[in-house]
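K.L.:
Provided below: target.txt, containing compact mmCIF, C-alpha atoms.
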```
# COMPACT_ATOMS: atom_id res chain seq x y z
CA MET A 1 54.59 -14.47 12.36
CA ASP A 2 57.39 -12.72 10.46
CA ALA A 3 57.62 -9.17 11.84
CA THR A 4 59.31 -7.90 8.67
CA LEU A 5 56.40 -9.11 6.53
CA ILE A 6 53.86 -7.62 8.91
CA ASN A 7 55.64 -4.27 8.79
CA TRP A 8 55.63 -4.43 5.00
CA LEU A 9 51.87 -4.99 5.03
CA VAL A 10 51.03 -2.17 7.44
CA GLU A 11 53.28 0.20 5.51
CA SER A 12 51.54 -0.69 2.26
CA ASN A 13 50.03 2.07 0.13
CA ASP A 14 46.83 0.02 0.04
CA PRO A 15 44.74 0.90 3.12
CA TRP A 16 42.57 -2.22 2.71
CA THR A 17 45.70 -4.33 3.25
CA LYS A 18 46.70 -2.25 6.27
CA TYR A 19 43.19 -2.42 7.75
CA ARG A 20 42.74 -6.17 7.34
CA THR A 21 46.27 -6.83 8.64
CA TYR A 22 45.42 -4.93 11.83
CA ILE A 23 42.15 -6.85 12.22
CA ASP A 24 42.94 -10.38 10.99
CA LEU A 25 46.67 -10.84 11.60
CA LEU A 26 47.35 -8.57 14.58
CA GLU A 27 43.85 -9.03 16.06
CA MET A 28 43.54 -5.36 16.97
CA SER A 29 40.24 -3.82 18.04
CA GLU A 30 38.08 -1.84 15.64
CA LYS A 31 38.20 0.90 18.29
CA ASP A 32 41.99 1.26 18.04
CA ASP A 33 42.98 4.62 16.55
CA LYS A 34 45.31 2.98 13.99
CA VAL A 35 42.50 0.69 12.87
CA LYS A 36 40.03 3.56 12.61
CA THR A 37 42.48 5.62 10.58
CA ALA A 38 43.21 2.74 8.19
CA ARG A 39 39.51 2.07 7.72
CA ASP A 40 38.75 5.73 7.03
CA GLU A 41 41.59 5.82 4.51
CA MET A 42 40.22 2.68 2.86
CA ILE A 43 36.69 4.08 2.48
CA ALA A 44 38.03 7.36 1.10
CA HIS A 45 40.50 5.76 -1.32
CA PRO A 46 39.67 6.58 -4.97
CA LYS A 47 39.78 2.91 -6.00
CA VAL A 48 37.37 1.90 -3.25
CA GLN A 49 35.10 4.82 -4.05
CA ALA A 50 35.11 3.66 -7.67
CA LEU A 51 34.07 0.15 -6.57
CA ILE A 52 31.27 1.63 -4.49
CA ASN A 53 30.04 3.72 -7.41
CA GLU A 54 30.20 0.74 -9.76
CA SER A 55 28.32 -1.42 -7.25
CA HIS A 56 25.34 0.90 -7.66
CA ARG A 57 25.00 -0.49 -11.20
CA TRP A 58 24.24 -3.95 -9.83
CA GLN A 59 20.50 -3.72 -10.42
CA SER A 60 20.85 -2.69 -14.07
CA CYS A 61 23.93 -4.69 -15.12
CA VAL A 62 23.15 -7.98 -16.84
CA LEU A 63 25.16 -11.04 -15.82
CA LYS A 64 25.91 -12.87 -19.09
CA ARG A 65 28.75 -15.10 -17.85
CA HIS A 66 29.49 -15.99 -14.26
CA ASN A 67 33.24 -15.39 -14.47
CA ASP A 68 32.85 -11.78 -15.62
CA ALA A 69 35.25 -10.12 -13.16
CA ASN A 70 33.97 -6.71 -14.23
CA HIS A 71 30.42 -7.35 -13.07
CA PRO A 72 29.25 -5.35 -10.02
CA ILE A 73 28.56 -8.58 -8.10
CA TYR A 74 32.33 -9.03 -7.77
CA LYS A 75 32.88 -5.37 -6.96
CA LEU A 76 30.51 -5.89 -4.04
CA SER A 77 32.09 -9.15 -2.90
CA THR A 78 35.50 -7.47 -2.96
CA LEU A 79 34.17 -4.61 -0.84
CA ALA A 80 32.86 -7.24 1.57
CA ASP A 81 36.31 -8.90 1.59
CA PHE A 82 37.88 -5.54 2.42
CA GLY A 83 35.55 -5.12 5.36
CA LEU A 84 32.77 -2.71 4.43
CA LYS A 85 29.72 -3.07 6.65
CA ALA A 86 25.99 -2.49 6.48
CA THR A 87 26.62 0.65 8.54
CA ASP A 88 28.55 2.17 5.62
CA SER A 89 25.86 4.23 3.95
CA GLU A 90 27.77 4.36 0.65
CA ILE A 91 26.80 0.76 -0.18
CA HIS A 92 23.15 1.02 0.88
CA PRO A 93 21.76 1.44 -2.67
CA ALA A 94 23.33 -1.83 -3.84
CA ILE A 95 22.43 -3.73 -0.67
CA ASP A 96 18.83 -2.55 -0.79
CA ALA A 97 18.63 -3.74 -4.40
CA ILE A 98 19.96 -7.20 -3.50
CA LEU A 99 17.47 -7.57 -0.65
CA TYR A 100 14.62 -6.47 -2.92
CA HIS A 101 15.26 -9.14 -5.56
CA GLN A 102 14.62 -12.41 -3.73
CA SER A 103 12.87 -15.45 -5.15
CA GLU A 104 9.93 -17.08 -3.39
CA PHE A 105 12.28 -19.94 -2.48
CA GLY A 106 14.75 -17.65 -0.68
CA ALA A 107 17.61 -17.33 -3.16
CA PHE A 108 18.68 -13.81 -4.03
CA GLN A 109 18.37 -13.06 -7.73
CA SER A 110 20.55 -11.49 -10.39
CA LEU A 111 19.61 -9.95 -13.72
CA ILE A 112 20.68 -12.76 -16.04
CA ASN A 113 20.58 -13.30 -19.79
CA ILE A 114 20.88 -16.90 -20.98
CA PRO A 115 21.42 -17.29 -24.75
CA LYS A 116 19.09 -19.61 -26.64
CA ALA A 117 22.13 -21.65 -27.62
CA PHE A 118 22.46 -22.64 -23.95
CA GLY A 119 18.79 -23.30 -23.35
CA GLY A 120 17.79 -19.75 -22.48
CA THR A 121 15.55 -17.12 -23.98
CA ASN A 122 18.03 -14.38 -24.91
CA GLU A 123 16.05 -12.11 -22.60
CA ASP A 124 17.10 -10.31 -19.42
CA MET A 125 15.34 -11.79 -16.40
CA TRP A 126 15.58 -11.75 -12.62
CA THR A 127 16.43 -15.28 -11.58
CA TRP A 128 19.01 -17.27 -9.65
CA MET A 129 21.60 -19.99 -10.09
CA LEU A 130 23.95 -21.56 -7.59
CA CYS A 131 26.84 -19.82 -9.33
CA ASP A 132 25.58 -16.37 -8.31
CA SER A 133 23.02 -16.49 -5.48
CA PRO A 134 25.48 -17.72 -2.79
CA THR A 135 27.81 -14.82 -3.61
CA LEU A 136 24.97 -12.39 -2.92
CA LEU A 137 24.28 -14.21 0.34
CA TYR A 138 27.98 -14.03 1.26
CA ILE A 139 28.00 -10.28 0.67
CA LEU A 140 25.00 -9.76 2.94
CA LEU A 141 26.42 -11.99 5.67
CA ALA A 142 29.91 -10.49 5.48
CA ILE A 143 28.59 -6.96 5.93
CA GLY A 144 26.68 -8.01 9.04
CA LEU A 145 23.08 -8.73 8.00
CA GLU A 146 22.91 -12.28 9.34
CA ASN A 147 19.82 -11.47 11.44
CA ASN A 148 17.86 -10.02 8.53
CA GLU A 149 14.71 -12.09 7.88
CA ARG A 150 15.36 -12.29 4.13
CA VAL A 151 18.96 -13.39 4.72
CA GLN A 152 17.84 -16.11 7.12
CA LYS A 153 15.42 -17.41 4.48
CA SER A 154 18.26 -17.52 1.95
CA ILE A 155 20.50 -19.47 4.35
CA THR A 156 17.78 -22.08 4.84
CA HIS A 157 17.26 -22.39 1.10
CA LEU A 158 20.97 -22.82 0.42
CA LYS A 159 21.23 -25.65 2.95
CA ILE A 160 18.16 -27.38 1.51
CA LEU A 161 19.84 -27.57 -1.91
CA ILE A 162 22.76 -29.72 -0.67
CA ASP A 163 23.13 -33.28 -2.03
CA GLU A 164 25.21 -36.13 -0.67
CA ASN A 165 28.13 -35.16 -2.93
CA GLY A 166 27.89 -31.41 -2.34
CA TRP A 167 26.00 -28.70 -4.19
CA ARG A 168 25.07 -29.60 -7.74
CA CYS A 169 24.15 -27.30 -10.61
CA LYS A 170 20.81 -25.93 -9.45
CA SER A 171 18.79 -22.91 -10.53
CA ASP A 172 15.36 -21.37 -10.40
CA PRO A 173 12.73 -23.99 -11.42
CA ALA A 174 11.34 -21.33 -13.77
CA LEU A 175 14.38 -21.96 -15.98
CA GLY A 176 13.10 -25.45 -16.70
CA ARG A 177 15.75 -28.02 -17.51
CA PHE A 178 18.54 -25.49 -17.90
CA ARG A 179 21.84 -26.39 -16.21
CA GLY A 180 25.55 -26.22 -16.85
CA PRO A 181 27.53 -28.51 -19.19
CA GLY A 182 27.92 -31.56 -16.97
CA LYS A 183 26.21 -34.64 -15.57
CA LYS A 184 23.11 -33.88 -13.55
CA SER A 185 24.41 -35.98 -10.67
CA ASP A 186 27.83 -34.26 -10.55
CA PRO A 187 28.64 -31.55 -8.02
CA CYS A 188 29.49 -28.09 -9.32
CA PRO A 189 32.90 -26.98 -7.95
CA ILE A 190 32.31 -23.23 -8.10
CA ALA A 191 28.85 -23.55 -6.53
CA ASN A 192 30.47 -25.40 -3.62
CA VAL A 193 33.11 -22.68 -3.21
CA TYR A 194 30.49 -19.91 -3.19
CA ALA A 195 28.10 -21.79 -0.90
CA LEU A 196 30.81 -22.66 1.61
CA LYS A 197 32.08 -19.08 1.63
CA ALA A 198 28.61 -17.89 2.59
CA LEU A 199 28.19 -20.49 5.34
CA SER A 200 31.70 -19.84 6.69
CA VAL A 201 30.58 -16.43 7.95
CA LEU A 202 28.28 -18.21 10.43
CA PRO A 203 30.23 -20.07 13.16
CA ALA A 204 27.27 -22.34 13.86
CA GLU A 205 27.31 -23.59 10.24
CA ARG A 206 30.98 -24.51 10.02
CA GLU A 207 30.31 -28.02 11.31
CA SER A 208 26.93 -28.45 9.63
CA ALA A 209 26.15 -31.44 7.42
CA ALA A 210 25.87 -29.15 4.41
CA ALA A 211 29.31 -27.64 5.04
CA LYS A 212 30.89 -31.07 5.54
CA ALA A 213 29.48 -32.32 2.22
CA GLY A 214 30.74 -29.25 0.36
CA ILE A 215 34.18 -29.47 1.95
CA GLU A 216 34.53 -33.13 1.04
CA MET A 217 33.52 -32.36 -2.54
CA LEU A 218 36.32 -29.80 -2.95
CA LEU A 219 38.96 -31.91 -1.22
CA THR A 220 38.03 -34.97 -3.28
CA HIS A 221 38.28 -32.93 -6.47
CA TRP A 222 41.78 -31.85 -5.43
CA GLU A 223 42.67 -35.46 -4.63
CA LYS A 224 41.53 -36.52 -8.11
CA ARG A 225 43.06 -33.54 -9.90
CA GLY A 226 43.99 -34.37 -13.46
CA GLN A 227 41.40 -37.16 -13.45
CA GLU A 228 38.02 -35.54 -12.80
CA LYS A 229 36.30 -32.59 -14.42
CA TYR A 230 32.94 -31.45 -13.17
CA TYR A 231 31.00 -28.99 -15.33
CA LEU A 232 34.26 -28.22 -17.21
CA PHE A 233 36.07 -27.35 -13.95
CA GLY A 234 39.43 -29.05 -13.86
CA ILE A 235 42.50 -28.69 -11.66
CA GLY A 236 45.66 -28.04 -13.64
CA THR A 237 48.33 -25.41 -14.16
CA ASP A 238 45.93 -22.48 -14.44
CA PHE A 239 44.09 -23.52 -11.29
CA CYS A 240 47.32 -23.24 -9.29
CA LYS A 241 48.09 -19.66 -10.34
CA LEU A 242 47.67 -16.98 -7.66
CA LYS A 243 44.85 -14.61 -8.50
CA TYR A 244 42.51 -12.07 -6.94
CA PRO A 245 39.66 -10.96 -6.77
CA PHE A 246 37.93 -14.16 -5.73
CA VAL A 247 35.79 -14.61 -8.81
CA TRP A 248 36.26 -18.13 -10.08
CA TYR A 249 37.68 -21.58 -9.35
CA ASP A 250 41.38 -21.26 -8.51
CA ILE A 251 43.69 -22.40 -5.74
CA LEU A 252 43.80 -19.27 -3.60
CA HIS A 253 40.03 -18.86 -3.69
CA VAL A 254 39.43 -22.52 -2.79
CA ALA A 255 42.14 -22.60 -0.10
CA ASP A 256 40.90 -19.36 1.48
CA VAL A 257 37.38 -20.74 1.73
CA LEU A 258 38.46 -24.13 3.07
CA SER A 259 40.73 -22.49 5.65
CA ARG A 260 37.66 -20.92 7.23
CA PHE A 261 36.59 -24.41 8.37
CA PRO A 262 38.84 -25.79 11.15
CA SER A 263 37.94 -29.37 10.20
CA THR A 264 40.04 -29.04 7.02
CA HIS A 265 43.31 -27.97 8.63
CA LYS A 266 44.72 -31.41 9.34
CA ASP A 267 43.44 -33.02 6.17
CA PRO A 268 46.46 -34.04 4.05
CA ARG A 269 44.66 -32.96 0.88
CA PHE A 270 44.20 -29.44 2.22
CA GLN A 271 47.81 -29.40 3.42
CA GLU A 272 48.97 -30.35 -0.08
CA MET A 273 46.99 -27.47 -1.51
CA ILE A 274 48.55 -25.05 0.96
CA ASN A 275 52.06 -26.31 0.13
CA VAL A 276 51.47 -25.58 -3.56
CA ILE A 277 50.67 -21.99 -2.58
CA LEU A 278 53.59 -21.61 -0.15
CA GLU A 279 56.05 -22.83 -2.77
CA GLN A 280 55.23 -19.71 -4.79
CA ALA A 281 56.66 -17.29 -2.20
CA ASP A 282 59.79 -15.33 -3.09
CA GLY A 283 62.89 -15.20 -0.89
CA ASP A 284 61.27 -12.57 1.34
CA GLY A 285 58.08 -14.58 1.84
CA ARG A 286 56.06 -12.33 -0.46
CA TYR A 287 53.67 -13.42 -3.19
CA THR A 288 53.33 -12.10 -6.72
CA PRO A 289 50.20 -12.69 -8.82
CA THR A 290 50.76 -15.26 -11.55
CA SER A 291 47.44 -14.49 -13.20
CA MET A 292 45.19 -11.44 -13.29
CA TYR A 293 41.82 -10.16 -14.41
CA ARG A 294 42.23 -7.40 -16.99
CA ALA A 295 39.18 -5.63 -15.57
CA TRP A 296 41.22 -5.03 -12.40
CA LYS A 297 44.34 -3.73 -14.08
CA GLY A 298 45.89 -0.97 -11.99
CA TRP A 299 45.26 -2.69 -8.67
CA SER A 300 48.35 -3.95 -6.86
CA PHE A 301 47.02 -7.53 -6.78
CA ALA A 302 46.65 -7.46 -10.59
CA ASN A 303 50.31 -6.74 -11.30
CA LYS A 304 52.36 -9.78 -12.26
CA LYS A 305 55.64 -7.86 -12.10
CA GLU A 306 55.77 -7.03 -8.38
CA PRO A 307 54.94 -8.75 -5.07
CA SER A 308 51.44 -7.90 -3.88
CA ALA A 309 50.87 -6.87 -0.28
CA TRP A 310 47.20 -7.91 -0.49
CA LEU A 311 47.99 -11.30 -2.00
CA THR A 312 50.67 -11.83 0.66
CA PHE A 313 48.17 -10.88 3.36
CA LEU A 314 45.68 -13.44 2.04
CA VAL A 315 48.24 -16.25 2.27
CA LEU A 316 49.37 -15.16 5.73
CA ARG A 317 45.76 -15.07 6.89
CA ILE A 318 45.28 -18.68 5.78
CA GLN A 319 48.37 -19.63 7.77
CA LYS A 320 47.09 -17.62 10.74
CA ARG A 321 43.80 -19.50 10.74
CA ILE A 322 45.62 -22.82 10.75
CA ALA A 323 48.02 -21.71 13.49
CA ASN A 324 45.17 -20.41 15.65
CA GLU A 325 43.38 -23.74 15.45
CA GLU A 326 46.54 -25.67 16.33
CA HIS A 327 47.14 -23.37 19.32
CA SER A 328 43.53 -23.78 20.44
CA ASN A 329 43.80 -27.59 20.32
CA LYS A 330 46.92 -27.56 22.50
CA LYS A 331 45.20 -25.70 25.33
```
Reformat the file's structure so that it appears as structure tokens.
P.N.:
Amino acid sequence: MDATLINWLVESNDPWTKYRTYIDLLEMSEKDDKVKTARDEMIAHPKVQALINESHRWQSCVLKRHNDANHPIYKLSTLADFGLKATDSEIHPAIDAILYHQSEFGAFQSLINIPKAFGGTNEDMWTWMLCDSPTLLYILLAIGLENNERVQKSITHLKILIDENGWRCKSDPALGRFRGPGKKSDPCPIANVYALKALSVLPAERESAAAKAGIEMLLTHWEKRGQEKYYLFGIGTDFCKLKYPFVWYDILHVADVLSRFPSTHKDPRFQEMINVILEQADGDGRYTPTSMYRAWKGWSFANKKEPSAWLTFLVLRIQKRIANEEHSNKK
């Protein structure tokens, strides 16, 4: 791995980049003094503290569209990406609220308002859809609650919902016939991304039948890019722009999730996807966002004018996962 790039990352002004570089790229122990210092700096950083404070709004903030990057659900998933844990008391209010709102089936619920124009009631209600409940499950798993009884129930429910062509548009039966704008038999791309991300946290699930079906759905969609649209999700120019946080259906989000499953690494479709990302590096091997969420303006990964240390880290981590698997197979 390029030492110059690594040095650039650990010298970044963003402690979350420094911390994750130590852990994921340099494979340093959490007990190392450098790692501890970086983590403490991350937790204390004003931007992270703002995310934590905003995450406390989760229980009272209505989700009106699932790509609302300003919604607390994505503040929480970003905190989970950075590496906050269940032992961090600052996030306990939001985590307790997520655990409290669970359907009888096992899916974690969000406060959602579906307009009548889309088959809803125009009223706020606690319910679930496969374009939000897996993200809540991912958050809980990523922070270390995999042994929680409620989390285990949610994992089982998520796996039950799989179809032969991946996860389709599914939601709480109480919503009646409501579903997204697509064929009932089609898979939903973003639901597959979210579901796979949740399962990827559990090593035992990475080779499961559910994971394999979801992986094949995403790779087939890439293979048929320009030809197939599922629930309005297509793969074109916008899809290939580099963007963070991981909110919606775009190349870095999809590639990051797929890279968590070793079975994808030698698939030519996945390799094509990675090449499209790598072609966007500058002469120094750094990556600059080519798209951004306005709600995250002011963050280094939402600045299209300068290379982003965090975005560069994300790409290097994908490459690291692939390299680790190749090294393991040669032993």
K.L.:
Applying 8 Å and all atoms listed in the file, which residues near Glu54 (chain A) remain after dropping the ones on its own chain fewer than 3 positions away? List them as JSON, numbers by chain.
P.N.:
{"A": [50, 51, 57, 58, 72, 75]}
K.L.:
Would you tabulate, counting only C-alpha atoms, all residues of region 202-321 of chain A that have an atom at most 8 Å from an atom of region 186-191 of chain A, showing the closest pair of atoms and their distance in Å to one decimal, sorted by chain then ascending number, as CSV?
P.N.:
```
residue,atom,partner,partner_atom,distance
A:Met217,CA,A:Pro187,CA,7.4
A:Leu218,CA,A:Pro189,CA,6.7
A:Tyr230,CA,A:Cys188,CA,6.2
A:Tyr231,CA,A:Cys188,CA,6.3
A:Phe233,CA,A:Pro189,CA,6.8
A:Trp248,CA,A:Ile190,CA,6.7
A:Tyr249,CA,A:Ile190,CA,5.8
```
K.L.:
As an MDAnalysis selection string, please: the residues near Val247 (chain A) (cut-off 9 Å, all atoms listed in the file, same-chain neighbours under 4 positions excluded).
P.N.:
chainID A and resid 66:69 74 77 253
K.L.:
Let me make sure I understand: among A:Val62, A:Leu316, A:Ile112, A:Leu258, which one has the smallest atom-to-atom distance to Leu278 (chain A) if we use all atoms listed in the file?
P.N.:
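Closest residue, counting all atoms listed in the file: A:Leu316.
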K.L.:
Fewer than 5 positions away in the same chain doesn't count, so skip those; otherwise give me all residues within 8 Å of Ile162 (chain A), counting only C-alpha atoms, as a list in words.
P.N.:
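Those residues are Trp167, Arg168, Ala210 and Ala213 of chain A.
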K.L.:
How would you write as JSON, numbers by chain the residues that get within 12 Å of (50.5, -9.5, -7.6) in the file's frame, counting all atoms listed in the file?
P.N.:
{"A": [241, 242, 243, 244, 245, 280, 281, 282, 286, 287, 288, 289, 290, 291, 292, 293, 296, 297, 298, 299, 300, 301, 302, 303, 304, 305, 306, 307, 308, 309, 310, 311, 312, 313, 314]}
K.L.:
What's the separation between CA of Asp163 (chain A) and CA of Ile235 (chain A), in Å to one decimal place?
P.N.:
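A separation of 22.1 Å between them.
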K.L.:
When you count all atoms listed in the file, which of these residues is closest to Ile43 (chain A): A:Lys85, A:Lys116, A:Arg177, A:Arg150?
P.N.:
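Among the listed residues, A:Lys85 lies closest to Ile43 (chain A).
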K.L.:
Compile the contact shell of Asn275 (chain A) as a compact mmCIF listing (two decimals) with C-alpha atoms, in the coordinates of the input: residues with an atom at most 12 Å away, counting all atoms listed in the file, same-chain residues fewer than 3 positions apart removed.
P.N.:
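Result file out-v2.txt:
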```
# COMPACT_ATOMS: atom_id res chain seq x y z
CA CYS A 240 47.32 -23.24 -9.29
CA ILE A 251 43.69 -22.40 -5.74
CA LEU A 252 43.80 -19.27 -3.60
CA ALA A 255 42.14 -22.60 -0.10
CA PRO A 268 46.46 -34.04 4.05
CA ARG A 269 44.66 -32.96 0.88
CA PHE A 270 44.20 -29.44 2.22
CA GLN A 271 47.81 -29.40 3.42
CA GLU A 272 48.97 -30.35 -0.08
CA LEU A 278 53.59 -21.61 -0.15
CA GLU A 279 56.05 -22.83 -2.77
CA GLN A 280 55.23 -19.71 -4.79
CA ALA A 281 56.66 -17.29 -2.20
CA VAL A 315 48.24 -16.25 2.27
CA ILE A 318 45.28 -18.68 5.78
CA GLN A 319 48.37 -19.63 7.77
```
K.L.:
Tell me, counting only C-alpha atoms, for each residue of region 43-83 of chain A within 9 Å of region 8-18 of chain A, which pair of atoms is nearest and how far apart they are in Å to one decimal, in rows ordered by chain and increasing number, as CSV.
P.N.:
```
residue,atom,partner,partner_atom,distance
A:Ile43,CA,A:Trp16,CA,8.6
A:His45,CA,A:Pro15,CA,7.8
A:Val48,CA,A:Trp16,CA,8.9
A:Phe82,CA,A:Trp16,CA,5.8
A:Gly83,CA,A:Trp16,CA,8.0
```
K.L.:
Between CA of Thr264 (chain A) and CA of Lys212 (chain A), measure the distance and give it in Å to one decimal.
P.N.:
9.5 Å
K.L.:
Can you tell me, as a ChimeraX atom specification, what residues are no more than 12 Å from Ile155 (chain A) when counting all atoms listed in the file, ignoring any on the same chain fewer than 6 positions away?
P.N.:
/A:105-108,133-138,140-141,145-149,161-162,195-202,205,210
K.L.:
Grab the residues selected above and save them as a tab-separated table (two decimals), in the coordinates of the input with C-alpha atoms.
P.N.:
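Result file is selection.tsv:
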```tsv
chain	number	residue	atom	x	y	z
A	105	PHE	CA	12.28	-19.94	-2.48
A	106	GLY	CA	14.75	-17.65	-0.68
A	107	ALA	CA	17.61	-17.33	-3.16
A	108	PHE	CA	18.68	-13.81	-4.03
A	133	SER	CA	23.02	-16.49	-5.48
A	134	PRO	CA	25.48	-17.72	-2.79
A	135	THR	CA	27.81	-14.82	-3.61
A	136	LEU	CA	24.97	-12.39	-2.92
A	137	LEU	CA	24.28	-14.21	0.34
A	138	TYR	CA	27.98	-14.03	1.26
A	140	LEU	CA	25.00	-9.76	2.94
A	141	LEU	CA	26.42	-11.99	5.67
A	145	LEU	CA	23.08	-8.73	8.00
A	146	GLU	CA	22.91	-12.28	9.34
A	147	ASN	CA	19.82	-11.47	11.44
A	148	ASN	CA	17.86	-10.02	8.53
A	149	GLU	CA	14.71	-12.09	7.88
A	161	LEU	CA	19.84	-27.57	-1.91
A	162	ILE	CA	22.76	-29.72	-0.67
A	195	ALA	CA	28.10	-21.79	-0.90
A	196	LEU	CA	30.81	-22.66	1.61
A	197	LYS	CA	32.08	-19.08	1.63
A	198	ALA	CA	28.61	-17.89	2.59
A	199	LEU	CA	28.19	-20.49	5.34
A	200	SER	CA	31.70	-19.84	6.69
A	201	VAL	CA	30.58	-16.43	7.95
A	202	LEU	CA	28.28	-18.21	10.43
A	205	GLU	CA	27.31	-23.59	10.24
A	210	ALA	CA	25.87	-29.15	4.41
```
K.L.:
For Ile73 (chain A), which of A:Arg321, A:Lys34, A:Lys224, A:His56 is the closest residue, counting all atoms listed in the file?
P.N.:
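For Ile73 (chain A), the nearest of the candidates is A:His56.
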K.L.:
Could you check which of A:Glu90, A:Asp132, A:Asp238, A:Asp124 is closest to Ser60 (chain A), using only C-alpha atoms?
P.N.:
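Looking at the shortest contact to Ser60 (chain A), the residue is A:Asp124.
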K.L.:
Around all the atoms of region 271-284 of chain A listed in the file, draw an axis-aligned box and extend it by 3 Å on each of the six sides; I want its centre and edge lengths in Å to one decimal, as JSON.
P.N.:
```
{"center_x": 54.9, "center_y": -21.5, "center_z": -0.7, "size_x": 21.9, "size_y": 23.8, "size_z": 14.2}
```
